[in-house]
Amino acid sequence: MTQFAEQVQAMAAIYPDRHSAVMPALRLAQEQHGWLPPEAFREVADALGVTPAYCQSIASFYDMFHLQPVGRHLVEVCTNVACALVGAQGVVEAFESELGVRAGETTEDGEITLRAVECLGGCGYATVVAVDHRYREPVRPEDVPGIVGELRGA
Amino acid sequence: MPELLVLADAADRDLTRLDEYRAVGGYAAMGRALQLEPAQVIEALTVANLRGRGGAGFPMGRKASLIDRGSPKPKYLVINADESEPGAFKDREIMARTPHRLLEGCLITAHAIGARQVFIYVRGEYLTEFEIMERALEDARACGLLGEVSIVLHRGAGAYICGEETALLDSLEGKRGQPRTRPPYPPVTGLYAAPTQINNVQTIATVPKIIELGAEEFAKIGVESSPGTAVFSLSGNVVRPGNYELPLGTPLRELIYDVGGGVPGGRALKGIIPGGSSVPILTPDQLDTPLDYDSIAAAGSFFGSAAVMVIDDRCCMVQLALRVEKFYMHESCGKCTPCREGTRWLVQLLQKIEDGRGEQDDLDLVIDVCERILGKSLCALGDFAVYPVASYIDKYRDEFQAHIDGGGCPFGGESSVEGIFAPSDQHAHHKTVEMPG
């Protein structure tokens, strides 16, 4: 058994039904590949005894699974109502101009992906930006060059 | 009478630490509850009249009494920590600051319903909070506090619909998170087709205090029809946004002005969304509405998840409606037609009106589409997609009319939410990759 399959089976063991481990297994595969290429679905499918198509149908449903390659760093700006009311669009535009890409795109060097995302649950500390899944709050347009510089240097 | 229940002592102490939580009496309520018969615990929850803090306000004691105890299958307790309603950020704070209170509430409730297994479904984006819960759970386990109960922390992966309880169950079973048809209801056929109780984080985190204070004392806090406190998530155009735990029945005016410091920059208040983006909007003349389930319902809206969003006069209500609708379109799971097709249609119509291409019939059509979604979808997401839009038109109809009459947005590019980008707008320009083979 591959090391991946062993890890997935350990995940599955805590649930009454192994299917419950599909999402944790997809997350593990994504951590290893950076995104979810076709072979990731085969690996998860083999480890859990389901089909690759089933795994793909799950992955395509959830926003945090990447069906295309993403940058080494992920910058996610909330543009839902509470953030929008206090200037989230200015933060999106500051990242777009600093990175030279539009929201939804990855920089040419493959380093940073910029996304607009739905409510991150930090409405009282708007605008919320998740940098590699860690919240920065509040972020103002003037904070953006510093965040990008930090990622470029990392 | 204590002022704080769920967030009690969290301001002065690091309650993520087990020793600190025990120093303020943590897990003592569990000790007492375990000495009681399960039926006595349910009775206490019923007398306390604790209503579900996730949004629906269903009495928790009654929910627990519905569990099919005669079923030969295992009973499960599932905690809905998939907080994703725009405006809500209270469960995140509860997990980050008092994780043990949530765990203690789980253990008391598990005893009440005879569950040996608890699943806490944590929103995928809440990574930091998930890690705090992991450490707290490990500490509690190491101290033998779990007894014979196992608690599993399960991370979501980004889907608003998984906050809907049956979609959450499907997601937890490793499926796409789509709501189930009901009946049967979860207390009879829930997780893995076994009797299941599902509660919101705050509801469960309140349980230890009910045992500690006694149900009668607890019922004296707040108002008679909605006892206890709520952690209000205050956001938008307000001086001091944040989470504030207050007794139910606190007037909206007190939360926004006395606690929140009012609207900044001397701007005028235009509207208040009292329970998250899915609920009908309230207008400034309704500021004296008490924040409890029944009073807000009487005012024409919903208590929802106690997420209060304040909107000042710079906001174009057509743009706001459009942004809100793009969210519900993005999050519609696609299972049933009215919601899947209706949300998309509403976005197109609202975009047309905002762009100045709208005709009189389009406004009527928006109302018509709303009526065709309302009450006709499998779960409440369809209704949630309708309440905000229909209420904005109802309360700010002149502004929608001005877009049609004037052939464009009367704010002339000066609205506070002008040009706001939505995630659904970016799907068209993802970088594509050539698939091998």
# chains A, B, ... in the order shown; residues from 1 in each chain; ligands from 1
call {"tool": "interface_residues", "arguments": {"of": "chain B", "to": "chain A", "cutoff": "8 Å", "atoms": "only C-alpha atoms", "output": "number ranges by chain"}}
result
B: 83-89, 92, 124-125, 127-128, 152, 155-159, 171-177, 192, 233-237, 241-243, 277, 309, 311, 315, 320, 323-324, 327, 416-417, 419-423, 426-427, 429-433
call {"tool": "select_by_dssp", "arguments": {"residues": "chain A", "states": "strand (DSSP E)", "output": "list in words"}}
result
His73, Leu74, Val75, Glu76, Val77, Cys78, Ile112, Thr113, Leu114, Arg115, Ala116, Val117, Val129, Ala130, Val131, Arg134, Tyr135 and Arg136 of chain A
call {"tool": "residues_around", "arguments": {"residues": "range 72-75 of chain B", "least_positions_apart": "2", "cutoff": "6 Å", "atoms": "only C-alpha atoms", "output": "CSV table (one decimal) with C-alpha atoms, in the first residue's frame"}}
result
chain,number,residue,atom,x,y,z
B,115,ALA,CA,-25.1,9.5,21.7
B,194,ALA,CA,-29.5,6.9,12.2
B,195,PRO,CA,-31.3,9.2,14.7
B,196,THR,CA,-29.3,12.4,14.7
call {"tool": "select_by_dssp", "arguments": {"residues": "range 106-353 of chain B", "states": "alpha helix (DSSP H)", "output": "number ranges by chain"}}
result
B: 106-113, 127-142, 165-172, 201-213, 215-219, 252-253, 293-298, 317-331, 337-353
call {"tool": "residues_around", "arguments": {"residues": "range 401-407 of chain B", "least_positions_apart": "6", "cutoff": "7 Å", "atoms": "only C-alpha atoms", "output": "list in words"}}
result
Ile353, Glu354, Gly356, Arg357, Gly358, Glu359 and Gln360 of chain B
call {"tool": "closest_residue", "arguments": {"among": "B:Val122, B:Met95, B:Ile198, B:Ala167", "to": "Pro186 in chain B", "atoms": "only C-alpha atoms"}}
result
B:Ile198
call {"tool": "residues_around", "arguments": {"residues": "Leu102 in chain B", "least_positions_apart": "6", "cutoff": "12 Å", "atoms": "only C-alpha atoms", "output": "MDAnalysis selection string"}}
result
chainID B and resid 5:7 15:16 21 26:27 30 79:81 91:96 108:109 118 120 132:133 136:137 140 151 199:209
call {"tool": "atom_distance", "arguments": {"atom1": "CA of Phe302 in chain B", "atom2": "CA of Tyr392 in chain B"}}
result
14.8 Å
call {"tool": "atom_distance", "arguments": {"atom1": "CA of Glu331 in chain B", "atom2": "CA of Tyr76 in chain B"}}
result
27.2 Å
call {"tool": "residues_around", "arguments": {"residues": "range 262-265 of chain B", "least_positions_apart": "6", "cutoff": "9 Å", "atoms": "only C-alpha atoms", "output": "number ranges by chain"}}
result
B: 237-240, 253, 255-256, 310-312
call {"tool": "write_last_selection", "arguments": {"atoms": "N, CA and C atoms", "output": "mmCIF file, in the first residue's frame"}}
result
data_model
loop_
_atom_site.group_PDB
_atom_site.id
_atom_site.type_symbol
_atom_site.label_atom_id
_atom_site.label_comp_id
_atom_site.auth_asym_id
_atom_site.auth_seq_id
_atom_site.Cartn_x
_atom_site.Cartn_y
_atom_site.Cartn_z
ATOM 1 N N ASN B 237 -21.522 49.577 8.093
ATOM 2 C CA ASN B 237 -21.195 50.980 8.343
ATOM 3 C C ASN B 237 -21.506 51.349 9.786
ATOM 4 N N VAL B 238 -20.627 50.912 10.671
ATOM 5 C CA VAL B 238 -20.814 51.162 12.100
ATOM 6 C C VAL B 238 -19.436 51.425 12.709
ATOM 7 N N VAL B 239 -19.398 52.294 13.729
ATOM 8 C CA VAL B 239 -18.113 52.736 14.288
ATOM 9 C C VAL B 239 -17.334 51.586 14.925
ATOM 10 N N ARG B 240 -18.015 50.784 15.744
ATOM 11 C CA ARG B 240 -17.316 49.694 16.433
ATOM 12 C C ARG B 240 -17.924 48.342 16.076
ATOM 13 N N ARG B 253 -31.552 49.572 18.416
ATOM 14 C CA ARG B 253 -30.922 50.895 18.570
ATOM 15 C C ARG B 253 -29.748 50.822 19.553
ATOM 16 N N LEU B 255 -27.879 48.231 20.324
ATOM 17 C CA LEU B 255 -26.739 47.517 19.731
ATOM 18 C C LEU B 255 -25.979 48.428 18.763
ATOM 19 N N ILE B 256 -26.709 49.102 17.894
ATOM 20 C CA ILE B 256 -26.034 49.887 16.850
ATOM 21 C C ILE B 256 -25.420 51.170 17.404
ATOM 22 N N VAL B 310 -25.148 46.973 9.169
ATOM 23 C CA VAL B 310 -25.624 48.354 9.145
ATOM 24 C C VAL B 310 -25.254 48.981 7.800
ATOM 25 N N ILE B 311 -26.225 49.634 7.179
ATOM 26 C CA ILE B 311 -26.013 50.179 5.836
ATOM 27 C C ILE B 311 -26.305 51.671 5.847
ATOM 28 N N ASP B 312 -25.337 52.471 5.409
ATOM 29 C CA ASP B 312 -25.569 53.914 5.392
ATOM 30 C C ASP B 312 -26.082 54.377 4.030
#
call {"tool": "residues_around", "arguments": {"residues": "Asp294 in chain B", "least_positions_apart": "5", "cutoff": "12 Å", "atoms": "only C-alpha atoms", "output": "PyMOL selection string"}}
result
chain B and resi 51+56-57+223-227+248-249+289+299-304
call {"tool": "closest_residue", "arguments": {"among": "B:Ala29, B:Arg17, B:Glu37, B:Gln319", "to": "Gly105 in chain B", "atoms": "only C-alpha atoms"}}
result
B:Ala29
call {"tool": "atom_distance", "arguments": {"atom1": "CA of Phe384 in chain B", "atom2": "CA of Val279 in chain B"}}
result
6.6 Å
